[in-house]
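Trainee: Dropping in query.txt, with compact mmCIF, C-alpha atoms.
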# COMPACT_ATOMS: atom_id res chain seq x y z
CA MET A 1 26.81 7.61 -45.12
CA THR A 2 24.58 10.64 -44.56
CA TRP A 3 24.19 11.56 -40.90
CA SER A 4 20.49 11.40 -39.92
CA ILE A 5 18.38 14.10 -38.32
CA LEU A 6 17.82 11.85 -35.33
CA ALA A 7 21.48 11.10 -34.88
CA SER A 8 22.24 14.81 -34.84
CA CYS A 9 19.39 15.45 -32.44
CA ALA A 10 20.43 12.56 -30.24
CA LEU A 11 23.88 14.02 -29.72
CA LEU A 12 22.32 17.30 -28.71
CA ALA A 13 20.10 15.47 -26.20
CA ILE A 14 23.07 15.14 -23.92
CA LEU A 15 22.93 18.89 -23.46
CA GLY A 16 19.18 19.25 -23.23
CA PRO A 17 15.97 18.70 -25.23
CA THR A 18 16.55 17.60 -28.79
CA LEU A 19 16.32 19.70 -31.92
CA CYS A 20 13.74 17.53 -33.57
CA GLY A 21 11.08 18.08 -36.18
CA LEU A 22 13.11 19.77 -38.88
CA ALA A 23 11.10 17.58 -41.24
CA ASN A 24 7.69 15.92 -41.05
CA SER A 25 9.19 12.53 -40.29
CA LEU A 26 11.59 11.11 -37.76
CA GLU A 27 14.10 8.33 -38.12
CA VAL A 28 13.61 5.99 -35.21
CA ALA A 29 15.54 3.23 -33.53
CA ASN A 30 14.76 -0.40 -34.10
CA ALA A 31 13.72 -2.69 -31.26
CA SER A 32 17.31 -3.63 -30.48
CA GLY A 33 18.13 0.02 -29.82
CA ALA A 34 20.47 0.87 -32.70
CA VAL A 35 19.49 3.87 -34.76
CA GLU A 36 18.15 2.60 -38.06
CA LEU A 37 19.00 5.18 -40.68
CA GLY A 38 16.48 5.83 -43.39
CA THR A 39 13.45 4.37 -41.58
CA SER A 40 10.85 7.09 -41.28
CA ILE A 41 7.67 7.34 -39.23
CA ASN A 42 5.31 10.27 -39.60
CA LEU A 43 5.31 12.01 -36.22
CA GLU A 44 2.93 14.92 -35.79
CA THR A 45 4.22 15.67 -32.29
CA ASN A 46 7.80 16.17 -33.48
CA SER A 47 8.97 19.77 -33.36
CA THR A 48 11.87 22.13 -33.48
CA LEU A 49 13.28 23.66 -30.34
CA ALA A 50 11.88 26.98 -31.55
CA THR A 51 8.33 25.70 -31.03
CA CYS A 52 9.12 23.91 -27.77
CA ILE A 53 10.39 25.84 -24.77
CA PRO A 54 10.83 22.97 -22.30
CA ASN A 55 9.21 23.08 -18.92
CA GLN A 56 11.73 22.46 -16.14
CA ARG A 57 10.85 19.76 -13.64
CA LYS A 58 12.68 20.41 -10.38
CA GLU A 59 13.33 18.52 -7.16
CA TRP A 60 10.81 19.41 -4.45
CA ARG A 61 13.49 20.95 -2.21
CA SER A 62 14.68 23.32 -4.92
CA ILE A 63 11.23 24.84 -5.48
CA GLU A 64 10.31 28.08 -3.78
CA PRO A 65 7.67 27.81 -1.02
CA LEU A 66 5.09 29.69 -3.08
CA GLU A 67 5.65 27.34 -6.01
CA ARG A 68 5.19 24.36 -3.70
CA ALA A 69 1.95 25.85 -2.45
CA ASP A 70 0.77 26.36 -6.02
CA TYR A 71 1.41 22.73 -6.85
CA LEU A 72 -0.42 21.46 -3.77
CA LYS A 73 -3.36 23.74 -4.58
CA ALA A 74 -3.48 22.43 -8.15
CA VAL A 75 -3.64 18.83 -6.92
CA GLN A 76 -6.42 19.81 -4.51
CA CYS A 77 -8.18 21.41 -7.46
CA LEU A 78 -8.15 18.07 -9.33
CA GLN A 79 -9.51 16.48 -6.18
CA HIS A 80 -12.54 18.74 -6.42
CA HIS A 81 -13.18 18.77 -10.16
CA PRO A 82 -15.88 16.26 -11.18
CA SER A 83 -14.90 13.00 -12.84
CA LYS A 84 -14.94 12.73 -16.64
CA SER A 85 -13.81 9.11 -17.00
CA GLY A 86 -17.06 7.24 -16.57
CA LEU A 87 -15.30 4.83 -14.22
CA PRO A 88 -17.68 3.34 -11.66
CA ALA A 89 -17.72 5.35 -8.40
CA ALA A 90 -15.13 7.91 -9.57
CA ARG A 91 -16.11 11.30 -8.19
CA THR A 92 -13.19 13.58 -9.12
CA ARG A 93 -10.53 14.03 -11.78
CA PHE A 94 -7.98 12.83 -9.24
CA ASP A 95 -10.02 9.63 -8.93
CA ASP A 96 -9.98 9.29 -12.73
CA PHE A 97 -6.20 8.97 -12.78
CA GLN A 98 -6.06 6.52 -9.88
CA GLY A 99 -8.91 4.46 -11.32
CA PHE A 100 -7.37 4.29 -14.79
CA HIS A 101 -4.03 3.19 -13.33
CA ILE A 102 -5.82 0.39 -11.47
CA SER A 103 -7.61 -0.70 -14.64
CA VAL A 104 -4.41 -1.00 -16.72
CA THR A 105 -1.92 -2.09 -14.04
CA THR A 106 -1.29 -5.54 -15.51
CA LYS A 107 -0.76 -4.00 -18.95
CA VAL A 108 1.93 -1.52 -17.88
CA HIS A 109 3.94 -3.29 -15.17
CA GLU A 110 6.54 -6.05 -15.56
CA VAL A 111 6.54 -5.29 -19.30
CA GLY A 112 8.64 -3.34 -21.78
CA GLN A 113 6.22 -0.40 -21.87
CA PHE A 114 6.51 0.21 -18.11
CA LEU A 115 8.68 3.32 -18.41
CA PRO A 116 7.14 4.81 -21.59
CA TRP A 117 3.62 4.40 -20.24
CA HIS A 118 4.39 6.05 -16.91
CA ARG A 119 6.15 8.87 -18.74
CA TRP A 120 2.95 9.46 -20.70
CA PHE A 121 0.76 9.06 -17.56
CA LEU A 122 2.66 11.81 -15.73
CA HIS A 123 2.39 14.01 -18.80
CA ALA A 124 -1.40 13.50 -18.95
CA TYR A 125 -1.65 14.35 -15.24
CA GLU A 126 0.43 17.49 -15.74
CA VAL A 127 -1.76 18.54 -18.67
CA ALA A 128 -4.87 18.13 -16.48
CA LEU A 129 -3.32 20.27 -13.74
CA ARG A 130 -2.64 23.03 -16.25
CA LYS A 131 -5.76 22.96 -18.39
CA GLU A 132 -8.29 22.26 -15.67
CA CYS A 133 -6.71 23.99 -12.68
CA ASN A 134 -4.75 26.83 -14.34
CA TYR A 135 -1.48 25.50 -12.95
CA THR A 136 1.53 27.14 -14.58
CA GLY A 137 4.29 25.07 -12.99
CA HIS A 138 5.52 21.53 -13.40
CA ILE A 139 5.37 18.14 -11.71
CA PRO A 140 8.21 18.16 -9.17
CA TYR A 141 10.29 15.08 -8.54
CA TRP A 142 11.36 13.50 -5.27
CA ASP A 143 15.02 12.52 -5.10
CA TRP A 144 14.69 10.09 -2.20
CA THR A 145 18.46 9.54 -2.01
CA LYS A 146 18.57 12.86 -0.18
CA ASP A 147 16.44 11.32 2.57
CA ALA A 148 17.34 7.62 2.49
CA ASP A 149 21.12 7.62 2.07
CA PRO A 150 23.18 8.15 5.26
CA ALA A 151 26.13 9.09 3.05
CA ASN A 152 24.19 12.08 1.78
CA PRO A 153 24.71 15.19 3.94
CA GLU A 154 21.04 16.11 3.51
CA ALA A 155 20.02 12.81 5.13
CA GLN A 156 22.08 13.18 8.29
CA VAL A 157 21.32 14.24 11.84
CA PRO A 158 23.98 14.82 14.52
CA VAL A 159 24.23 11.39 16.16
CA SER A 160 26.92 8.72 16.43
CA SER A 161 28.17 7.10 13.24
CA SER A 162 27.97 3.54 14.61
CA HIS A 163 26.00 1.02 12.58
CA ARG A 164 23.08 1.15 14.99
CA HIS A 165 22.99 4.92 14.93
CA THR A 166 23.42 5.04 11.17
CA TYR A 167 20.15 3.12 11.01
CA LEU A 168 18.66 5.72 13.33
CA ILE A 169 19.98 8.55 11.14
CA VAL A 170 18.10 7.22 8.13
CA LEU A 171 14.95 6.41 10.07
CA ILE A 172 14.74 9.93 11.49
CA SER A 173 15.85 11.81 8.39
CA PHE A 174 13.52 10.03 5.98
CA ARG A 175 10.41 10.81 8.00
CA ALA A 176 11.69 14.37 8.55
CA SER A 177 11.93 14.98 4.81
CA PRO A 178 10.31 18.21 3.55
CA LEU A 179 8.08 15.95 1.49
CA PHE A 180 6.32 14.86 4.68
CA ASP A 181 6.00 18.35 6.12
CA ALA A 182 2.59 19.04 7.62
CA ILE A 183 2.30 22.56 6.23
CA GLY A 184 4.39 22.89 3.08
CA GLY A 185 4.49 19.21 2.08
CA PHE A 186 2.33 16.15 1.53
CA GLY A 187 1.53 15.29 5.13
CA ASN A 188 2.99 12.93 7.70
CA LEU A 189 4.47 9.45 7.31
CA PRO A 190 3.11 7.22 10.12
CA LEU A 191 5.41 4.60 11.63
CA VAL A 192 2.58 2.08 11.31
CA ARG A 193 -0.08 2.03 8.64
CA GLY A 194 -2.76 4.59 9.23
CA SER A 195 -4.57 7.58 7.76
CA LEU A 196 -2.79 10.88 7.21
CA SER A 197 -3.16 13.13 10.23
CA SER A 198 -1.65 16.27 8.74
CA GLY A 199 -1.23 18.13 5.49
CA VAL A 200 -3.64 19.38 2.86
CA PHE A 201 -4.59 15.87 1.76
CA ALA A 202 -5.47 14.53 5.22
CA LYS A 203 -9.22 14.86 4.66
CA TYR A 204 -9.39 13.64 1.08
CA ARG A 205 -11.40 10.44 0.76
CA LEU A 206 -10.44 7.87 -1.85
CA VAL A 207 -13.13 5.84 -3.59
CA PHE A 208 -10.81 3.09 -4.84
CA GLY A 209 -8.98 0.60 -2.66
CA THR A 210 -6.30 -1.93 -3.41
CA GLY A 211 -6.71 -3.82 -6.65
CA PRO A 212 -7.51 -5.75 -8.65
CA PRO A 213 -10.03 -4.90 -10.00
CA LEU A 214 -11.65 -1.53 -9.26
CA ASN A 215 -12.42 -2.05 -5.59
CA VAL A 216 -14.90 0.64 -4.52
CA THR A 217 -14.30 1.92 -0.98
CA ASP A 218 -14.50 5.13 0.99
CA HIS A 219 -11.38 5.82 3.03
CA LEU A 220 -8.76 8.43 3.84
CA ILE A 221 -5.30 8.28 2.26
CA GLU A 222 -3.11 5.87 4.21
CA ARG A 223 0.64 5.46 4.65
CA GLY A 224 2.88 3.20 6.70
CA PHE A 225 6.65 3.59 6.89
CA ASP A 226 8.82 0.57 5.97
CA VAL A 227 12.40 1.38 6.94
CA THR A 228 13.69 -1.88 5.43
CA MET A 229 13.20 -0.40 1.96
CA LEU A 230 15.62 2.50 2.49
CA PRO A 231 18.87 0.64 1.63
CA HIS A 232 17.43 0.25 -1.87
CA LEU A 233 16.97 4.02 -2.28
CA THR A 234 20.59 5.10 -1.90
CA GLU A 235 23.09 6.56 -4.36
CA ARG A 236 24.66 3.11 -4.58
CA ALA A 237 21.32 1.60 -5.63
CA VAL A 238 20.90 4.31 -8.25
CA LYS A 239 24.43 3.72 -9.54
CA ASN A 240 23.73 0.00 -9.91
CA THR A 241 20.71 0.90 -12.02
CA MET A 242 22.49 3.47 -14.16
CA ASN A 243 25.35 1.07 -14.90
CA LYS A 244 23.11 -1.19 -16.97
CA THR A 245 23.93 -0.95 -20.65
CA THR A 246 20.70 -2.10 -22.33
CA PHE A 247 17.15 -0.83 -21.92
CA GLU A 248 15.86 -4.22 -20.78
CA THR A 249 18.45 -4.69 -18.03
CA PHE A 250 18.02 -1.06 -16.98
CA ARG A 251 14.24 -1.33 -16.80
CA ILE A 252 14.33 -4.57 -14.81
CA GLU A 253 16.95 -3.22 -12.39
CA LEU A 254 14.84 -0.10 -11.88
CA GLU A 255 11.39 -1.72 -11.65
CA GLY A 256 12.29 -4.48 -9.20
CA ARG A 257 10.04 -7.16 -7.80
CA PRO A 258 8.48 -9.49 -8.75
CA ILE A 259 10.91 -9.62 -11.69
CA THR A 260 13.95 -9.34 -9.40
CA PRO A 261 14.44 -11.27 -6.12
CA GLN A 262 15.25 -8.09 -4.17
CA PRO A 263 13.48 -4.70 -4.12
CA LYS A 264 14.83 -2.01 -6.41
CA VAL A 265 14.35 1.77 -6.58
CA HIS A 266 10.85 1.64 -8.06
CA ASP A 267 9.15 -0.76 -5.67
CA SER A 268 11.23 0.40 -2.69
CA GLY A 269 10.05 3.97 -3.14
CA HIS A 270 6.47 2.75 -3.10
CA LEU A 271 6.87 0.38 -0.18
CA ALA A 272 8.90 2.77 1.98
CA VAL A 273 5.88 5.08 2.07
CA GLY A 274 3.40 2.22 2.24
CA GLY A 275 -0.36 2.44 2.42
CA GLU A 276 -1.78 3.50 -0.94
CA MET A 277 1.73 3.89 -2.32
CA GLY A 278 2.55 0.33 -1.33
CA ASP A 279 -0.12 -1.15 -3.60
CA THR A 280 0.85 -1.69 -7.23
CA TYR A 281 -2.66 -0.97 -8.43
CA SER A 282 -3.96 1.91 -6.32
CA SER A 283 -0.72 3.82 -5.63
CA PRO A 284 -1.79 7.00 -7.53
CA GLY A 285 -4.24 7.54 -4.68
CA ASP A 286 -1.33 9.14 -2.83
CA PRO A 287 -0.23 12.41 -4.48
CA LEU A 288 3.39 11.39 -3.73
CA PHE A 289 3.05 8.79 -6.50
CA TYR A 290 3.63 11.42 -9.16
CA LEU A 291 6.80 12.80 -7.56
CA HIS A 292 8.22 9.31 -7.09
CA HIS A 293 7.58 8.37 -10.71
CA ALA A 294 8.90 11.71 -11.93
CA ASN A 295 12.19 10.80 -10.27
CA LEU A 296 12.17 7.39 -11.96
CA ASP A 297 11.50 9.13 -15.27
CA ARG A 298 14.41 11.47 -14.53
CA LEU A 299 16.68 8.46 -14.01
CA TRP A 300 15.56 6.97 -17.31
CA TRP A 301 16.15 10.26 -19.11
CA THR A 302 19.61 10.52 -17.52
CA TRP A 303 20.35 6.97 -18.69
CA GLN A 304 19.18 7.83 -22.21
CA ARG A 305 21.46 10.89 -22.36
CA VAL A 306 24.58 8.87 -21.51
CA ASP A 307 24.52 7.37 -25.01
CA PRO A 308 21.74 9.11 -26.95
CA HIS A 309 22.67 7.61 -30.31
CA ASN A 310 21.94 4.11 -28.99
CA ARG A 311 19.58 4.78 -26.10
CA LEU A 312 17.24 7.63 -27.01
CA TYR A 313 14.92 5.32 -28.92
CA GLN A 314 15.97 1.99 -27.47
CA ILE A 315 13.01 -0.15 -26.40
CA SER A 316 12.58 -3.87 -25.70
CA GLY A 317 10.81 -6.37 -23.50
CA ARG A 318 7.65 -8.40 -23.50
CA SER A 319 4.36 -6.60 -24.11
CA THR A 320 2.22 -8.73 -21.77
CA GLN A 321 2.65 -10.41 -18.39
CA THR A 322 1.19 -13.67 -19.65
CA PRO A 323 1.67 -15.73 -22.85
CA PRO A 324 1.60 -15.43 -25.75
CA TYR A 325 4.51 -12.99 -25.45
CA TYR A 326 5.35 -10.36 -28.05
CA ASN A 327 8.18 -7.85 -27.95
CA VAL A 328 7.24 -4.21 -27.65
CA THR A 329 8.36 -1.93 -30.44
CA LEU A 330 8.41 1.80 -31.02
CA ASN A 331 5.06 1.38 -32.76
CA THR A 332 3.37 -0.26 -29.75
CA THR A 333 0.28 1.73 -28.77
CA LEU A 334 0.05 2.68 -25.11
CA PRO A 335 -3.28 2.42 -23.25
CA THR A 336 -4.55 5.96 -22.67
CA GLY A 337 -8.27 5.49 -22.12
CA ASN A 338 -10.01 8.86 -22.16
CA LEU A 339 -7.15 10.61 -20.35
CA GLY A 340 -5.60 11.54 -23.67
CA LYS A 341 -5.25 10.80 -27.36
CA PRO A 342 -3.79 7.45 -28.51
CA VAL A 343 0.00 7.46 -28.23
CA GLN A 344 2.68 5.13 -29.53
CA ILE A 345 5.91 4.47 -27.67
CA HIS A 346 8.10 6.39 -30.14
CA GLN A 347 6.15 9.55 -29.28
CA VAL A 348 7.29 9.53 -25.65
CA MET A 349 10.91 8.44 -25.97
CA ASP A 350 12.27 11.98 -26.26
CA ILE A 351 11.07 14.34 -23.53
CA GLY A 352 12.21 17.32 -25.62
CA ASN A 353 9.67 16.83 -28.40
CA LYS A 354 6.55 18.95 -28.87
CA LEU A 355 4.23 16.46 -27.21
CA LEU A 356 6.13 16.28 -23.91
CA CYS A 357 8.38 19.34 -23.99
CA TYR A 358 10.06 19.20 -20.58
CA THR A 359 13.44 18.58 -19.03
CA TYR A 360 14.89 17.89 -15.58
CA VAL A 361 17.06 20.27 -13.60
As structure tokens, what does this structure read like?
Mentor:
Amino acid sequence: MTWSILASCALLAILGPTLCGLANSLEVANASGAVELGTSINLETNSTLATCIPNQRKEWRSIEPLERADYLKAVQCLQHHPSKSGLPAARTRFDDFQGFHISVTTKVHEVGQFLPWHRWFLHAYEVALRKECNYTGHIPYWDWTKDADPANPEAQVPVSSSHRHTYLIVLISFRASPLFDAIGGFGNLPLVRGSLSSGVFAKYRLVFGTGPPLNVTDHLIERGFDVTMLPHLTERAVKNTMNKTTFETFRIELEGRPITPQPKVHDSGHLAVGGEMGDTYSSPGDPLFYLHHANLDRLWWTWQRVDPHNRLYQISGRSTQTPPYYNVTLNTTLPTGNLGKPVQIHQVMDIGNKLLCYTYV
């Protein structure tokens, strides 16, 4: 049996972005996840490593202060650029992304395309930051285990280790995260739901409220801390997710309610911050949305790299929330609206290809 280009690339994925695009076609995995040798799909976005120098997405804490400031300024830039989407009431490019997410929420949650679509959505947002705001960096990610896990040295403060005080450790450390810094971060995290009172986004007014559908409002970004979500954002919770051996069980364990009875890392990250972030539809109204989902994307990419031959192009799950149900495939087209060109799932499975061209460090 001749070893395929994809199989060779997949093995290299465990060390970094794949060496893809040595030909004009790409052998892809079937819906069950096994690599199907000899099945070719024309893929214009496929490329060699020579034409793709991957952008490095880093954890917020590992970015230099000036780089953090550049990112925050780029987001503010999107919040001032005029809307292009044609969505009712949208005023800015930032509104365009929130509004589009609201409009497709039921098509991209609780379904097999949940992870591929959000991978593309972050990419489209990053492209807008670069092309429209001259941003030269990357979307950072937020590793919330560093703030939510009392076993993590970065999440500890010097108090007693009793159960009651362990709870206090997490409560204090999470809200004291650099992410919620008033000057170099994304603004404060109120104990009860309320508008941001600090940070560069404190005065930004959202035009969309909680969905569905597009609910036109005029309000400041809101948050509201839910400490009960933090046990689901620990290293143990992540390990439980990463131990899943099929895409479908991994995706369900990661996405959480209402598919699972208990919160998981996806919904817990949203609900812990609360406010805009706590609403499935309107959560991109909080700039933290993109860092949270970048971390989820990082977990998926890490899971893919564990067994790239079987996982790099493994996709499954229903394509709709309601009957009639159909299984997603690598050829399923993702909803992109006017935020980008039409994209099929197979084009976003490998973050090292020419279309996406990034990695996590």
Trainee: With a cut-off of 12 Å, could you pull out the residues of stretch 281-310 of chain A touching stretch 110-115 of chain A and give me the nearest pair of atoms for each, distance in Å to one decimal, using all atoms listed in the file, ordered by chain and ascending number, as CSV?
Mentor:
residue,atom,partner,partner_atom,distance
A:His293,CA,A:Leu115,CA,9.3
A:Ala294,CA,A:Leu115,CA,10.6
A:Asn295,CA,A:Leu115,CA,11.6
A:Leu296,CA,A:Leu115,CA,8.4
A:Asp297,CA,A:Leu115,CA,7.2
A:Arg298,CA,A:Leu115,CA,10.7
A:Leu299,CA,A:Leu115,CA,10.5
A:Trp300,CA,A:Leu115,CA,7.9
A:Trp301,CA,A:Leu115,CA,10.2
Trainee: Work out how far atom CA of A:Met349 is from atom CA of A:Arg305, in Å to one decimal.
Mentor: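 These two atoms are separated by 11.4 Å.
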Trainee: Atom CA of A:Gly187 and atom CA of A:Val200 are how many Å apart?
Mentor: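 The value is 7.0 Å.
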Trainee: One decimal, Å: what's the distance from atom CA of A:Thr359 over to atom CA of A:Thr280, could you say?
Mentor: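 Atom-to-atom, atom CA of A:Thr359 to atom CA of A:Thr280, that is 26.6 Å.
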Trainee: Could you name the residues that touch A:Leu214 at 7 Å or less, counting all atoms listed in the file, but leaving out those on the same chain fewer than 6 positions away, as an MDAnalysis selection string?
Mentor: chainID A and resid 99 102:103 208
Trainee: Taking all atoms listed in the file into account, which of A:Thr245, A:Thr228, A:Gln56, A:Thr320 comes nearest A:Leu356?
Mentor: A:Gln56
Trainee: Compare A:Ile139, A:Ala90, A:Val75, A:Leu339 by their minimum atom-to-atom distance to A:Trp60, counting only C-alpha atoms, and give me the closest one.
Mentor: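 Closest candidate: A:Ile139.
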